[in-house]
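Engineer: The structure under discussion is supplied below as structure tokens; questions concerning it will follow.
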Amino acid sequence: MDERIARINKAADYIKERLGGRKPKVALILGSGLGPIADSVKDPIVIPYKEIPGFPVSTAVGHKGNFLSGTLHGVQVLVMQGRFHYYEGYPMETVTIGVRVFRQLGIEFLFVFNAAGAANPAFKVGDMVMITDHINMMPNPLIGPNMEEFGPRFPDMTCPYDLDLQELARESAKKLGLDIHEGVYFGSTGPTYETPAEVRFYRSVGADLLGMSTIPEVIVARHCGIRVFGMSAVTNVCNTSNKPTNFNDGHDVVLQAEKVVIGIGRLLGEMLPRL
């Protein structure tokens with residue numbers, strides 16, 4: 001067997017054993033500062049990444065590094081409380097291993113959340129922005145021998161973010177009186193924040209949000225046939241001019257993201273039961 005698939009299956013088998021018969025169809029990946037969403041999961045089973053065979057650990061600020069199984073708004077879910085990034089030094093097959101484990105566990109819907117900078121001047125810190133498309137400047141996680149067991153060699157990416165889930169989010173936000181924006185997420189490797197010249201360039205090619213994650217997971221999820229919903233919490237406004245007073249800070253990003261958790265939690269409360 002392909003060593004990559006053997007590693008994925010070993011991790012999936014371990015998690016399945018720990019789940020004790022639970023069979024969630026919905027998974028969530030929580031990014032920087034958004035881990036507190038997992039605090040609402042009822043009857044949780046907590047599985048630290050470090051206990052899972054062949055699994056990496058999260059090193060980024062604000063990523064606890066746990067799998068959680070439980071009920072969120074009456075729906076059985078599996079949550080990654082923290083993700084892996086290419087900038088941490090992991091190869092892409094490791095960055096995305098969680099998504100392939102999800103597939104082996106029977107997950108059908110993936111909700112991905114991240115903290116992002118606003119390249120679109122219409123966005124401000126604290127905004128929730130639904131991701132409608134993305135621009136990828138990271139290595140594609142499907143490079144290399146294709147895992148035919150998971151999906152085709154050339155998966156279509158016309159609608160990487162599920163259109164029905166987007167419409168459900170719009171309806172849910174309207175019902176709740178939540179203000180959500182929509183935009184294109186631009187992913188680069190990091191770990192440096194973007195220079196003002198880069199921000200201006202990325203904005204000129206259609207970027208609304210800038211970040212260092214999410215896209216590899218989305219590509220692999222679509223390769224696996226998992227339906228995806230994506231949302232960013234705007235935690236900083238990207239700098240477009242070279243001024244010494246302009247400064248980006250990772251710890252502040254986490255603090256700002258934590259302020260958006262309540263709104264995201266309310267949206268999930270309306271969306272999850274309607275899947």
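Residue numbering restarts at 1 in every chain; chains get A, B, ... in the order shown in the structure tokens, and ligands count up from 1 in that same order.
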Need to verify the contact set: A:Ile264, 10 Å, only C-alpha atoms, exclusion of same-chain residues closer than 5 positions in sequence. Can you return it as a ChimeraX atom specification?
Structural biologist: /A:34,37,113,128,173,178,180,231-233,259,269
Engineer: Can you spit out the residues from that selection as a PDB file, in the first residue's frame, using N, CA and C atoms?
Structural biologist:
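Listing of part02.pdb after writing:
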ATOM      1  N   LEU A  34      -9.642  31.112  16.901  1.00  0.00           N
ATOM      2  CA  LEU A  34     -11.022  30.648  16.749  1.00  0.00           C
ATOM      3  C   LEU A  34     -11.279  29.336  17.479  1.00  0.00           C
ATOM      4  N   ILE A  37     -14.503  28.329  19.705  1.00  0.00           N
ATOM      5  CA  ILE A  37     -15.747  27.791  19.156  1.00  0.00           C
ATOM      6  C   ILE A  37     -15.947  26.365  19.655  1.00  0.00           C
ATOM      7  N   PHE A 113     -12.380  27.699   8.953  1.00  0.00           N
ATOM      8  CA  PHE A 113     -12.365  29.061   9.477  1.00  0.00           C
ATOM      9  C   PHE A 113     -10.923  29.515   9.653  1.00  0.00           C
ATOM     10  N   MET A 128     -16.951  39.381   9.604  1.00  0.00           N
ATOM     11  CA  MET A 128     -17.002  37.992   9.161  1.00  0.00           C
ATOM     12  C   MET A 128     -17.159  38.012   7.644  1.00  0.00           C
ATOM     13  N   ALA A 173     -27.704  34.221   8.002  1.00  0.00           N
ATOM     14  CA  ALA A 173     -27.247  35.523   8.479  1.00  0.00           C
ATOM     15  C   ALA A 173     -28.388  36.539   8.463  1.00  0.00           C
ATOM     16  N   LEU A 178     -27.270  39.082  11.235  1.00  0.00           N
ATOM     17  CA  LEU A 178     -25.805  39.170  11.204  1.00  0.00           C
ATOM     18  C   LEU A 178     -25.342  39.788   9.893  1.00  0.00           C
ATOM     19  N   ILE A 180     -22.654  39.690   7.260  1.00  0.00           N
ATOM     20  CA  ILE A 180     -21.496  38.969   6.743  1.00  0.00           C
ATOM     21  C   ILE A 180     -21.147  39.499   5.353  1.00  0.00           C
ATOM     22  N   MET A 231     -14.993  30.563   5.915  1.00  0.00           N
ATOM     23  CA  MET A 231     -15.225  31.906   6.453  1.00  0.00           C
ATOM     24  C   MET A 231     -13.968  32.431   7.125  1.00  0.00           C
ATOM     25  N   SER A 232     -13.692  33.717   6.917  1.00  0.00           N
ATOM     26  CA  SER A 232     -12.565  34.390   7.549  1.00  0.00           C
ATOM     27  C   SER A 232     -13.054  35.386   8.583  1.00  0.00           C
ATOM     28  N   ALA A 233     -12.304  35.474   9.672  1.00  0.00           N
ATOM     29  CA  ALA A 233     -12.487  36.550  10.639  1.00  0.00           C
ATOM     30  C   ALA A 233     -11.424  37.600  10.324  1.00  0.00           C
ATOM     31  N   LYS A 259     -12.719  37.838  19.278  1.00  0.00           N
ATOM     32  CA  LYS A 259     -13.875  38.721  19.366  1.00  0.00           C
ATOM     33  C   LYS A 259     -14.957  38.373  18.347  1.00  0.00           C
ATOM     34  N   GLY A 269     -24.990  27.919  14.581  1.00  0.00           N
ATOM     35  CA  GLY A 269     -26.196  27.448  15.236  1.00  0.00           C
ATOM     36  C   GLY A 269     -27.394  27.403  14.320  1.00  0.00           C
TER      37      GLY A 269
END
Engineer: Find the spatial neighbours of stretch 129-136 of chain A, counting only C-alpha atoms, within a cut-off of 7 Å - ignore same-chain residues fewer than 4 positions away - and output them as a ChimeraX atom specification.
Structural biologist: /A:160-161,180-188,215,230-233
Engineer: Using only C-alpha atoms, which of A:Val101, A:Leu209, A:Met1, A:Met92 sits nearest A:Lys16?
Structural biologist: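 Closest to A:Lys16 of all the choices is A:Val101.
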Engineer: Run DSSP on the backbone and tell me which residues of stretch 50-254 of chain A come out as strand (DSSP E or B); list them as number ranges by chain.
Structural biologist: A: 66-72, 75-81, 109-118, 128-136, 180-187, 209-211, 227-237
Engineer: Any idea what's packed within 10 Å of A:Gly265, counting only C-alpha atoms, ignoring anything in its chain fewer than 3 positions away? Could you give it as a ChimeraX atom specification?
Structural biologist: /A:36-38,40,72-73,260-262,268-271
Engineer: Next, the residues of the selection above should be written as a CSV table (one decimal), in the first residue's frame with C-alpha atoms.
Structural biologist:
chain,number,residue,atom,x,y,z
A,36,PRO,CA,-13.0,28.8,21.5
A,37,ILE,CA,-15.7,27.8,19.2
A,38,ALA,CA,-14.9,24.3,20.3
A,40,SER,CA,-19.5,25.0,22.8
A,72,LEU,CA,-22.6,21.3,18.3
A,73,HIS,CA,-26.1,22.8,18.0
A,260,VAL,CA,-15.5,37.3,16.2
A,261,VAL,CA,-16.2,33.9,17.8
A,262,ILE,CA,-19.7,34.8,19.1
A,268,LEU,CA,-23.2,27.8,12.9
A,269,GLY,CA,-26.2,27.4,15.2
A,270,GLU,CA,-28.5,28.3,12.3
A,271,MET,CA,-26.6,26.4,9.6
Engineer: When you look at A:Asn9 with a cut-off of 12 Å (counting only C-alpha atoms), what residues show up, excluding the ones that are within fewer than 3 positions of it in the same chain? I need them as number ranges by chain.
Structural biologist: A: 1-6, 12-16, 52-55, 97-105, 149-150
Engineer: Neighbouring residues of A:Tyr49 were defined as those with any atom within 8 Å, considering only C-alpha atoms; residues of the same chain fewer than 3 positions away were excluded. Please report them as a VMD selection string.
Structural biologist: chain A and resid 52 55 to 57 65 to 67
